[in-house]
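Chemist: Sharing a structure below in structure tokens format, with a few things to ask.
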Amino acid sequence: LRTLVTDLGLAPPSSPSSSSKYVLSGIGISGQQHGMVLLDSDHRPLRPAKLWCDVEACRESEWIRNAFTTEAAAGKETRRWDHVLPGFTSPKVLWTIRNEPEIWNRVRWCCLPHDYVNLVLRGVHDDDDDYAREHSNTIVPTTDRGDASGSGVFDPTANRYCTELANAIDPSGRYAKSLPTILDPLDICGNLSFQWMKDVGLINGDSRSPSHDNATSSSTSSSSSFPTIPISAGSGDNMCSALGVGC
């Protein structure tokens with residue numbers, strides 16, 4: 001991001017002193033699907049991420065495919081979750097519960113890599129922004145339907161997580177409570193934090209953090225001198241690649 005700001009001479013929105021013809025009006029993140037990033041209550045990773053290519057959870061995937069069924073809302077037909085492969089998130093969660101219970105017992109959030117990047121850009125780990133640090137616990141992970149579909153517990157017909165499956169995987173309820181909020185395609189998950197704007201050169205490094213609530217998608221700038229740069233819901237790599245080539 002810093003390279004883009006420097007090389008293109010990007011300016012923040014509503015910057016009257018800028019002569020740049022390029023304005024950074026928003027940010028959208030795309031990333032690998034089907035991964036697993038486990039976070040504690042401070043949004044700190046508890047272990048290295050398990051990515052899509054990690055197929056260590058073969059047995060757990062087989063359990064989900066063979067042992068769990070649900071009734072679809074329309075028609076009451078039985079639906080098997082036989083599409084859940086080892087690369088999906090839910091088998092990785094079950095693997096962690098079985099093999100690393102001491103880590104799982106500390107989990108507050110279970111998200112995908114691009115969802116975690118959004119959290120970081122929103123300021124959950126900012127050190128120099130007093131306001132962001134104070135309110136970081138109100139910033140919750142979000143995702144979109146595309147990446148939610150890679151979790152292995154998203155029901156696209158009902159347009160919701162299948163909490164029955166999540167609770168079958170983890171009867172304690174921790175997994176169901178750890179799932180990110182699913183946003184609509186045009187939703188904003190939050191804004192680029194004040195510290196990030198300073199770090200990448202969008203605003204003066206000597207600027208002081210204003211009282212700016214970056215924790216929710218509806219936050220707006222409280223000062224005309226403080227730009228608001230929204231971060232979209234984003235999506236997975238395949239979906240965004242398709243959009244990029246005009247599909």
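Simple scheme: letters A, B, ... for chains in structure tokens order, numbers from 1 for residues in each chain, numbers from 1 for ligands in the order shown.
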Report as an mmCIF file with N, CA, C and O atoms, in the first residue's frame all protein, DNA and RNA residues lying within 10 Å of A:Val107, evaluated on only C-alpha atoms, omitting residues in the same chain fewer than 2 positions from it.
Modeler:
data_model
loop_
_atom_site.group_PDB
_atom_site.id
_atom_site.type_symbol
_atom_site.label_atom_id
_atom_site.label_comp_id
_atom_site.auth_asym_id
_atom_site.auth_seq_id
_atom_site.Cartn_x
_atom_site.Cartn_y
_atom_site.Cartn_z
ATOM 1 N N VAL A 37 -7.635 -18.779 10.313
ATOM 2 C CA VAL A 37 -6.850 -17.907 11.176
ATOM 3 C C VAL A 37 -7.572 -17.834 12.512
ATOM 4 O O VAL A 37 -8.704 -17.339 12.589
ATOM 5 N N LEU A 38 -6.937 -18.343 13.556
ATOM 6 C CA LEU A 38 -7.539 -18.382 14.892
ATOM 7 C C LEU A 38 -7.021 -17.208 15.709
ATOM 8 O O LEU A 38 -5.806 -17.031 15.853
ATOM 9 N N LEU A 39 -7.943 -16.420 16.257
ATOM 10 C CA LEU A 39 -7.586 -15.214 16.989
ATOM 11 C C LEU A 39 -8.107 -15.281 18.421
ATOM 12 O O LEU A 39 -9.165 -15.868 18.688
ATOM 13 N N ASP A 40 -7.364 -14.633 19.334
ATOM 14 C CA ASP A 40 -7.847 -14.515 20.701
ATOM 15 C C ASP A 40 -8.726 -13.270 20.828
ATOM 16 O O ASP A 40 -9.051 -12.613 19.824
ATOM 17 N N SER A 41 -9.113 -12.905 22.042
ATOM 18 C CA SER A 41 -10.021 -11.782 22.232
ATOM 19 C C SER A 41 -9.379 -10.444 21.889
ATOM 20 O O SER A 41 -10.076 -9.439 21.732
ATOM 21 N N HIS A 43 -7.600 -10.123 19.125
ATOM 22 C CA HIS A 43 -7.383 -10.267 17.679
ATOM 23 C C HIS A 43 -5.953 -10.687 17.347
ATOM 24 O O HIS A 43 -5.473 -10.426 16.243
ATOM 25 N N ARG A 44 -5.275 -11.353 18.273
ATOM 26 C CA ARG A 44 -3.917 -11.832 18.033
ATOM 27 C C ARG A 44 -3.968 -13.289 17.575
ATOM 28 O O ARG A 44 -4.657 -14.112 18.181
ATOM 29 N N PRO A 45 -3.234 -13.636 16.511
ATOM 30 C CA PRO A 45 -3.223 -15.032 16.055
ATOM 31 C C PRO A 45 -2.675 -15.962 17.131
ATOM 32 O O PRO A 45 -1.678 -15.660 17.797
ATOM 33 N N LEU A 46 -3.326 -17.106 17.302
ATOM 34 C CA LEU A 46 -2.938 -18.078 18.323
ATOM 35 C C LEU A 46 -1.999 -19.151 17.776
ATOM 36 O O LEU A 46 -1.365 -19.860 18.554
ATOM 37 N N PRO A 101 -6.221 -28.788 21.680
ATOM 38 C CA PRO A 101 -7.316 -28.250 22.497
ATOM 39 C C PRO A 101 -6.904 -27.049 23.337
ATOM 40 O O PRO A 101 -7.719 -26.169 23.611
ATOM 41 N N GLU A 102 -5.630 -26.993 23.728
ATOM 42 C CA GLU A 102 -5.172 -25.860 24.532
ATOM 43 C C GLU A 102 -5.214 -24.562 23.736
ATOM 44 O O GLU A 102 -5.411 -23.478 24.302
ATOM 45 N N ILE A 103 -5.032 -24.658 22.419
ATOM 46 C CA ILE A 103 -5.164 -23.483 21.564
ATOM 47 C C ILE A 103 -6.636 -23.175 21.329
ATOM 48 O O ILE A 103 -7.079 -22.022 21.444
ATOM 49 N N TRP A 104 -7.414 -24.195 21.003
ATOM 50 C CA TRP A 104 -8.824 -23.961 20.707
ATOM 51 C C TRP A 104 -9.558 -23.322 21.885
ATOM 52 O O TRP A 104 -10.446 -22.490 21.692
ATOM 53 N N ASN A 105 -9.187 -23.685 23.094
ATOM 54 C CA ASN A 105 -9.864 -23.142 24.273
ATOM 55 C C ASN A 105 -9.618 -21.650 24.468
ATOM 56 O O ASN A 105 -10.284 -21.009 25.292
ATOM 57 N N TRP A 109 -12.131 -15.749 17.833
ATOM 58 C CA TRP A 109 -12.575 -15.559 16.451
ATOM 59 C C TRP A 109 -11.892 -16.572 15.545
ATOM 60 O O TRP A 109 -10.705 -16.860 15.705
ATOM 61 N N CYS A 110 -12.645 -17.066 14.579
ATOM 62 C CA CYS A 110 -12.107 -17.960 13.546
ATOM 63 C C CYS A 110 -12.428 -17.330 12.198
ATOM 64 O O CYS A 110 -13.597 -17.248 11.807
ATOM 65 N N ARG A 174 -18.328 -22.644 21.046
ATOM 66 C CA ARG A 174 -17.268 -21.670 20.766
ATOM 67 C C ARG A 174 -17.127 -21.421 19.265
ATOM 68 O O ARG A 174 -16.953 -20.276 18.836
ATOM 69 N N TYR A 175 -17.199 -22.478 18.465
ATOM 70 C CA TYR A 175 -17.031 -22.316 17.025
ATOM 71 C C TYR A 175 -18.140 -21.446 16.448
ATOM 72 O O TYR A 175 -17.877 -20.504 15.673
ATOM 73 N N LYS A 177 -19.872 -19.189 17.831
ATOM 74 C CA LYS A 177 -19.730 -17.806 18.280
ATOM 75 C C LYS A 177 -18.514 -17.109 17.671
ATOM 76 O O LYS A 177 -18.399 -15.889 17.752
ATOM 77 N N SER A 178 -17.610 -17.884 17.082
ATOM 78 C CA SER A 178 -16.367 -17.313 16.552
ATOM 79 C C SER A 178 -16.474 -16.881 15.105
ATOM 80 O O SER A 178 -15.546 -16.275 14.558
#
Chemist: Once DSSP has gone over the backbone, tell me which residues of stretch 22-172 of chain A are in helix (DSSP H, G or I), as a compact mmCIF listing (two decimals) with N, CA, C and O atoms, in the first residue's frame.
Modeler:
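Output below, filename selection.txt:
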# COMPACT_ATOMS: atom_id res chain seq x y z
N CYS A 58 -7.98 -34.58 6.82
CA CYS A 58 -8.71 -35.53 5.96
C CYS A 58 -9.76 -36.31 6.75
O CYS A 58 -10.90 -36.47 6.29
N ARG A 59 -9.39 -36.81 7.91
CA ARG A 59 -10.34 -37.60 8.71
C ARG A 59 -11.50 -36.72 9.19
O ARG A 59 -12.65 -37.18 9.22
N GLU A 60 -11.19 -35.50 9.55
CA GLU A 60 -12.23 -34.59 10.01
C GLU A 60 -13.19 -34.23 8.88
O GLU A 60 -14.40 -34.13 9.08
N SER A 61 -12.64 -34.07 7.68
CA SER A 61 -13.47 -33.80 6.51
C SER A 61 -14.39 -34.98 6.23
O SER A 61 -15.59 -34.80 5.94
N GLU A 62 -13.87 -36.17 6.35
CA GLU A 62 -14.67 -37.38 6.12
C GLU A 62 -15.79 -37.48 7.16
O GLU A 62 -16.93 -37.84 6.82
N TRP A 63 -15.51 -37.12 8.41
CA TRP A 63 -16.54 -37.16 9.44
C TRP A 63 -17.68 -36.21 9.11
O TRP A 63 -18.86 -36.56 9.23
N ILE A 64 -17.34 -34.99 8.68
CA ILE A 64 -18.37 -34.01 8.35
C ILE A 64 -19.19 -34.49 7.16
O ILE A 64 -20.43 -34.40 7.15
N ARG A 65 -18.53 -35.02 6.15
CA ARG A 65 -19.24 -35.44 4.94
C ARG A 65 -20.17 -36.62 5.20
O ARG A 65 -21.25 -36.72 4.62
N ASN A 66 -19.74 -37.52 6.08
CA ASN A 66 -20.50 -38.76 6.28
C ASN A 66 -21.44 -38.75 7.47
O ASN A 66 -22.40 -39.52 7.52
N ALA A 67 -21.16 -37.90 8.45
CA ALA A 67 -21.89 -38.00 9.71
C ALA A 67 -22.93 -36.93 9.92
O ALA A 67 -23.73 -37.03 10.86
N THR A 89 -12.52 -24.72 5.93
CA THR A 89 -12.17 -24.29 7.29
C THR A 89 -12.70 -25.24 8.35
O THR A 89 -11.98 -25.56 9.32
N SER A 90 -13.94 -25.69 8.23
CA SER A 90 -14.54 -26.46 9.31
C SER A 90 -13.78 -27.75 9.65
O SER A 90 -13.63 -28.06 10.85
N PRO A 91 -13.26 -28.52 8.68
CA PRO A 91 -12.45 -29.67 9.07
C PRO A 91 -11.17 -29.27 9.82
O PRO A 91 -10.72 -29.98 10.73
N LYS A 92 -10.61 -28.11 9.46
CA LYS A 92 -9.41 -27.63 10.17
C LYS A 92 -9.76 -27.27 11.61
O LYS A 92 -8.94 -27.48 12.52
N VAL A 93 -10.96 -26.72 11.81
CA VAL A 93 -11.40 -26.42 13.17
C VAL A 93 -11.52 -27.70 13.98
O VAL A 93 -11.04 -27.79 15.12
N LEU A 94 -12.17 -28.71 13.41
CA LEU A 94 -12.32 -29.97 14.12
C LEU A 94 -10.97 -30.61 14.39
O LEU A 94 -10.74 -31.17 15.48
N TRP A 95 -10.04 -30.49 13.45
CA TRP A 95 -8.68 -31.01 13.66
C TRP A 95 -8.03 -30.29 14.85
O TRP A 95 -7.37 -30.93 15.69
N THR A 96 -8.18 -28.98 14.92
CA THR A 96 -7.59 -28.22 16.02
C THR A 96 -8.20 -28.62 17.36
O THR A 96 -7.49 -28.76 18.36
N ILE A 97 -9.52 -28.80 17.40
CA ILE A 97 -10.18 -29.22 18.63
C ILE A 97 -9.63 -30.56 19.11
O ILE A 97 -9.39 -30.76 20.31
N ARG A 98 -9.38 -31.46 18.17
CA ARG A 98 -8.90 -32.80 18.53
C ARG A 98 -7.41 -32.83 18.86
O ARG A 98 -6.98 -33.60 19.72
N ASN A 99 -6.62 -32.00 18.18
CA ASN A 99 -5.17 -32.11 18.30
C ASN A 99 -4.51 -30.97 19.08
O ASN A 99 -3.41 -31.14 19.59
N PRO A 101 -6.22 -28.79 21.68
CA PRO A 101 -7.32 -28.25 22.50
C PRO A 101 -6.90 -27.05 23.34
O PRO A 101 -7.72 -26.17 23.61
N GLU A 102 -5.63 -26.99 23.73
CA GLU A 102 -5.17 -25.86 24.53
C GLU A 102 -5.21 -24.56 23.74
O GLU A 102 -5.41 -23.48 24.30
N ILE A 103 -5.03 -24.66 22.42
CA ILE A 103 -5.16 -23.48 21.56
C ILE A 103 -6.64 -23.18 21.33
O ILE A 103 -7.08 -22.02 21.44
N TRP A 104 -7.41 -24.20 21.00
CA TRP A 104 -8.82 -23.96 20.71
C TRP A 104 -9.56 -23.32 21.88
O TRP A 104 -10.45 -22.49 21.69
N PRO A 113 -7.91 -15.64 5.88
CA PRO A 113 -6.78 -14.70 5.78
C PRO A 113 -7.17 -13.29 5.37
O PRO A 113 -6.71 -12.32 5.96
N HIS A 114 -8.03 -13.15 4.35
CA HIS A 114 -8.36 -11.78 3.91
C HIS A 114 -9.20 -11.05 4.96
O HIS A 114 -9.11 -9.83 5.10
N ASP A 115 -9.99 -11.80 5.73
CA ASP A 115 -10.76 -11.18 6.81
C ASP A 115 -9.81 -10.63 7.88
O ASP A 115 -10.07 -9.56 8.46
N TYR A 116 -8.73 -11.36 8.15
CA TYR A 116 -7.76 -10.90 9.15
C TYR A 116 -7.03 -9.65 8.66
O TYR A 116 -6.80 -8.71 9.44
N VAL A 117 -6.68 -9.60 7.38
CA VAL A 117 -6.02 -8.41 6.84
C VAL A 117 -6.93 -7.19 7.00
O VAL A 117 -6.48 -6.10 7.37
N ASN A 118 -8.23 -7.37 6.75
CA ASN A 118 -9.17 -6.27 6.95
C ASN A 118 -9.14 -5.78 8.40
O ASN A 118 -9.19 -4.58 8.66
N LEU A 119 -9.10 -6.71 9.34
CA LEU A 119 -9.05 -6.33 10.75
C LEU A 119 -7.82 -5.48 11.04
O LEU A 119 -7.90 -4.46 11.74
N VAL A 120 -6.68 -5.90 10.53
CA VAL A 120 -5.43 -5.18 10.79
C VAL A 120 -5.50 -3.77 10.19
O VAL A 120 -5.11 -2.79 10.85
N LEU A 121 -6.01 -3.65 8.98
CA LEU A 121 -6.13 -2.33 8.35
C LEU A 121 -7.10 -1.42 9.10
O LEU A 121 -6.97 -0.20 9.06
N ASP A 130 -4.48 6.12 20.07
CA ASP A 130 -5.09 5.87 21.37
C ASP A 130 -6.55 5.47 21.23
O ASP A 130 -7.03 4.57 21.93
N TYR A 131 -7.25 6.13 20.33
CA TYR A 131 -8.67 5.84 20.18
C TYR A 131 -8.87 4.43 19.63
O TYR A 131 -9.70 3.66 20.13
N ALA A 132 -8.10 4.05 18.59
CA ALA A 132 -8.24 2.72 18.01
C ALA A 132 -7.89 1.65 19.03
O ALA A 132 -8.55 0.61 19.11
N ARG A 133 -6.85 1.90 19.82
CA ARG A 133 -6.44 0.92 20.81
C ARG A 133 -7.53 0.74 21.88
O ARG A 133 -7.84 -0.37 22.31
N GLU A 134 -8.13 1.84 22.28
CA GLU A 134 -9.17 1.79 23.31
C GLU A 134 -10.42 1.05 22.83
O GLU A 134 -11.10 0.39 23.60
N HIS A 135 -10.73 1.18 21.53
CA HIS A 135 -11.95 0.62 20.99
C HIS A 135 -11.72 -0.63 20.14
O HIS A 135 -12.64 -1.08 19.46
N SER A 136 -10.52 -1.20 20.19
CA SER A 136 -10.23 -2.34 19.32
C SER A 136 -11.13 -3.54 19.64
O SER A 136 -11.42 -4.35 18.76
N ASN A 137 -11.61 -3.65 20.88
CA ASN A 137 -12.44 -4.80 21.22
C ASN A 137 -13.85 -4.69 20.64
O ASN A 137 -14.62 -5.64 20.69
N THR A 138 -14.20 -3.53 20.11
CA THR A 138 -15.51 -3.38 19.46
C THR A 138 -15.43 -3.64 17.97
O THR A 138 -16.46 -3.65 17.29
N ARG A 145 -20.09 -13.50 1.43
CA ARG A 145 -20.67 -14.81 1.16
C ARG A 145 -19.69 -15.73 0.43
O ARG A 145 -19.69 -16.94 0.63
N GLY A 146 -18.85 -15.13 -0.44
CA GLY A 146 -17.89 -15.95 -1.17
C GLY A 146 -16.94 -16.68 -0.25
O GLY A 146 -16.74 -17.90 -0.35
N ASP A 147 -16.32 -15.94 0.66
CA ASP A 147 -15.39 -16.58 1.59
C ASP A 147 -16.14 -17.40 2.64
O ASP A 147 -15.63 -18.42 3.10
N ALA A 148 -17.34 -16.96 3.02
CA ALA A 148 -18.13 -17.75 3.97
C ALA A 148 -18.41 -19.14 3.40
O ALA A 148 -18.45 -20.14 4.13
N SER A 149 -18.58 -19.22 2.07
CA SER A 149 -18.87 -20.52 1.45
C SER A 149 -17.69 -21.47 1.60
O SER A 149 -17.88 -22.70 1.55
N THR A 163 -25.59 -23.26 12.07
CA THR A 163 -25.13 -23.38 13.46
C THR A 163 -25.26 -24.81 13.97
O THR A 163 -24.53 -25.21 14.87
N GLU A 164 -26.18 -25.58 13.36
CA GLU A 164 -26.31 -26.98 13.77
C GLU A 164 -25.02 -27.74 13.48
O GLU A 164 -24.55 -28.53 14.31
N LEU A 165 -24.45 -27.49 12.31
CA LEU A 165 -23.19 -28.15 11.97
C LEU A 165 -22.05 -27.62 12.82
O LEU A 165 -21.22 -28.39 13.32
N ALA A 166 -22.01 -26.29 13.00
CA ALA A 166 -20.94 -25.71 13.84
C ALA A 166 -20.99 -26.27 15.25
O ALA A 166 -19.94 -26.58 15.85
N ASN A 167 -22.19 -26.46 15.80
CA ASN A 167 -22.31 -26.99 17.16
C ASN A 167 -22.06 -28.49 17.21
O ASN A 167 -21.69 -29.02 18.26
N ALA A 168 -22.27 -29.18 16.09
CA ALA A 168 -21.91 -30.60 16.05
C ALA A 168 -20.39 -30.75 16.05
O ALA A 168 -19.85 -31.68 16.67
N ILE A 169 -19.71 -29.84 15.36
CA ILE A 169 -18.25 -29.86 15.35
C ILE A 169 -17.70 -29.48 16.72
O ILE A 169 -16.75 -30.09 17.22
Chemist: Report, in Å to a single decimal, how far apart atom CA of A:Glu56 and atom CA of A:Cys111 are.
Modeler: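 Going from atom CA of A:Cys111 over to atom CA of A:Glu56 covers 18.2 Å.
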Chemist: Could you pull the residues within 8 Å of A:Phe88, counting only C-alpha atoms, minus those fewer than 2 positions along the same chain, as a PDB file with N, CA, C and O atoms, in the first residue's frame?
Modeler:
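Once everything was written out, this is part02.pdb:
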ATOM      1  N   HIS A  34     -10.673 -20.655   2.105  1.00  0.00           N
ATOM      2  CA  HIS A  34     -10.629 -21.960   2.782  1.00  0.00           C
ATOM      3  C   HIS A  34      -9.567 -22.063   3.868  1.00  0.00           C
ATOM      4  O   HIS A  34      -9.314 -23.153   4.370  1.00  0.00           O
ATOM      5  N   GLY A  35      -8.946 -20.981   4.258  1.00  0.00           N
ATOM      6  CA  GLY A  35      -7.943 -21.058   5.306  1.00  0.00           C
ATOM      7  C   GLY A  35      -8.564 -20.977   6.695  1.00  0.00           C
ATOM      8  O   GLY A  35      -9.785 -20.940   6.860  1.00  0.00           O
ATOM      9  N   TRP A  52      -5.421 -23.125   2.494  1.00  0.00           N
ATOM     10  CA  TRP A  52      -6.271 -24.022   1.714  1.00  0.00           C
ATOM     11  C   TRP A  52      -5.567 -25.312   1.329  1.00  0.00           C
ATOM     12  O   TRP A  52      -6.184 -26.374   1.199  1.00  0.00           O
ATOM     13  N   VAL A  84     -17.709 -30.730   1.656  1.00  0.00           N
ATOM     14  CA  VAL A  84     -16.712 -30.157   2.562  1.00  0.00           C
ATOM     15  C   VAL A  84     -15.419 -30.976   2.480  1.00  0.00           C
ATOM     16  O   VAL A  84     -15.318 -32.075   3.041  1.00  0.00           O
ATOM     17  N   LEU A  85     -14.439 -30.419   1.791  1.00  0.00           N
ATOM     18  CA  LEU A  85     -13.151 -31.084   1.587  1.00  0.00           C
ATOM     19  C   LEU A  85     -12.160 -30.676   2.675  1.00  0.00           C
ATOM     20  O   LEU A  85     -12.395 -29.709   3.411  1.00  0.00           O
ATOM     21  N   PRO A  86     -11.028 -31.374   2.787  1.00  0.00           N
ATOM     22  CA  PRO A  86     -10.057 -31.055   3.850  1.00  0.00           C
ATOM     23  C   PRO A  86      -9.539 -29.620   3.811  1.00  0.00           C
ATOM     24  O   PRO A  86      -9.129 -29.088   4.847  1.00  0.00           O
ATOM     25  N   SER A  90     -13.936 -25.687   8.232  1.00  0.00           N
ATOM     26  CA  SER A  90     -14.544 -26.462   9.313  1.00  0.00           C
ATOM     27  C   SER A  90     -13.779 -27.750   9.654  1.00  0.00           C
ATOM     28  O   SER A  90     -13.634 -28.063  10.846  1.00  0.00           O
ATOM     29  N   PRO A  91     -13.260 -28.520   8.679  1.00  0.00           N
ATOM     30  CA  PRO A  91     -12.445 -29.675   9.072  1.00  0.00           C
ATOM     31  C   PRO A  91     -11.171 -29.266   9.823  1.00  0.00           C
ATOM     32  O   PRO A  91     -10.725 -29.975  10.730  1.00  0.00           O
ATOM     33  N   LYS A  92     -10.606 -28.110   9.464  1.00  0.00           N
ATOM     34  CA  LYS A  92      -9.414 -27.629  10.166  1.00  0.00           C
ATOM     35  C   LYS A  92      -9.755 -27.272  11.612  1.00  0.00           C
ATOM     36  O   LYS A  92      -8.944 -27.477  12.522  1.00  0.00           O
ATOM     37  N   GLY A 150     -16.492 -20.929   1.781  1.00  0.00           N
ATOM     38  CA  GLY A 150     -15.329 -21.775   1.971  1.00  0.00           C
ATOM     39  C   GLY A 150     -15.127 -22.211   3.405  1.00  0.00           C
ATOM     40  O   GLY A 150     -14.205 -22.978   3.701  1.00  0.00           O
ATOM     41  N   SER A 151     -15.981 -21.714   4.293  1.00  0.00           N
ATOM     42  CA  SER A 151     -15.843 -22.095   5.698  1.00  0.00           C
ATOM     43  C   SER A 151     -16.294 -23.526   5.939  1.00  0.00           C
ATOM     44  O   SER A 151     -15.871 -24.173   6.904  1.00  0.00           O
ATOM     45  N   GLY A 152     -17.184 -24.024   5.062  1.00  0.00           N
ATOM     46  CA  GLY A 152     -17.694 -25.371   5.260  1.00  0.00           C
ATOM     47  C   GLY A 152     -18.878 -25.430   6.197  1.00  0.00           C
ATOM     48  O   GLY A 152     -19.390 -26.526   6.476  1.00  0.00           O
TER      49      GLY A 152
END
Chemist: When DSSP works through the backbone of this structure, what residues of stretch 48-198 of chain A end up as strand (DSSP E or B), shown as a PDB file with C-alpha atoms, in the first residue's frame?
Modeler:
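Result went into out.pdb, see below:
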ATOM      1  CA  LYS A  50      -3.689 -23.221   8.115  1.00  0.00           C
ATOM      2  CA  THR A  69     -27.031 -33.976   7.436  1.00  0.00           C
ATOM      3  CA  THR A  70     -29.533 -31.134   7.664  1.00  0.00           C
ATOM      4  CA  GLU A  71     -33.039 -30.539   6.419  1.00  0.00           C
ATOM      5  CA  THR A  78     -32.224 -33.886   3.449  1.00  0.00           C
ATOM      6  CA  ARG A  79     -28.985 -32.115   2.637  1.00  0.00           C
ATOM      7  CA  ARG A  80     -25.633 -33.776   3.150  1.00  0.00           C
ATOM      8  CA  TRP A 109     -12.575 -15.559  16.451  1.00  0.00           C
ATOM      9  CA  CYS A 110     -12.107 -17.960  13.546  1.00  0.00           C
ATOM     10  CA  CYS A 111     -11.662 -16.165  10.239  1.00  0.00           C
ATOM     11  CA  THR A 142     -16.406  -9.669   8.907  1.00  0.00           C
ATOM     12  CA  THR A 143     -16.520 -11.713   5.737  1.00  0.00           C
ATOM     13  CA  ASP A 144     -18.546 -11.994   2.536  1.00  0.00           C
ATOM     14  CA  PHE A 154     -22.277 -21.693   5.302  1.00  0.00           C
ATOM     15  CA  ASP A 155     -25.654 -22.635   3.848  1.00  0.00           C
ATOM     16  CA  ARG A 160     -26.656 -18.113   6.841  1.00  0.00           C
ATOM     17  CA  TYR A 161     -24.194 -20.194   8.790  1.00  0.00           C
ATOM     18  CA  THR A 181     -20.330 -11.395  10.432  1.00  0.00           C
ATOM     19  CA  ILE A 182     -21.362 -11.923   6.795  1.00  0.00           C
ATOM     20  CA  LEU A 183     -21.643  -8.657   4.858  1.00  0.00           C
ATOM     21  CA  ILE A 188     -18.240  -1.503   4.173  1.00  0.00           C
ATOM     22  CA  CYS A 189     -16.515  -3.430   6.962  1.00  0.00           C
ATOM     23  CA  GLY A 190     -14.803  -0.352   8.408  1.00  0.00           C
ATOM     24  CA  ASN A 191     -12.302   2.387   7.601  1.00  0.00           C
TER      25      ASN A 191
END
Chemist: Please measure the separation of atom CA of A:Ile231 and atom CA of A:Leu192, giving the value in Å to one decimal.
Modeler: 6.5 Å
Chemist: Tell me which of A:Leu202, A:Asp237, A:Arg108, A:Thr228 sits closest to A:Thr6, counting only C-alpha atoms.
Modeler: A:Leu202
Chemist: Please provide as a VMD selection string all residues within 12 Å of A:Val23, with the sequence filter that same-chain residues fewer than 6 positions apart are discarded (counting only C-alpha atoms).
Modeler: chain A and resid 4 to 5 8 to 16 202 227 to 229
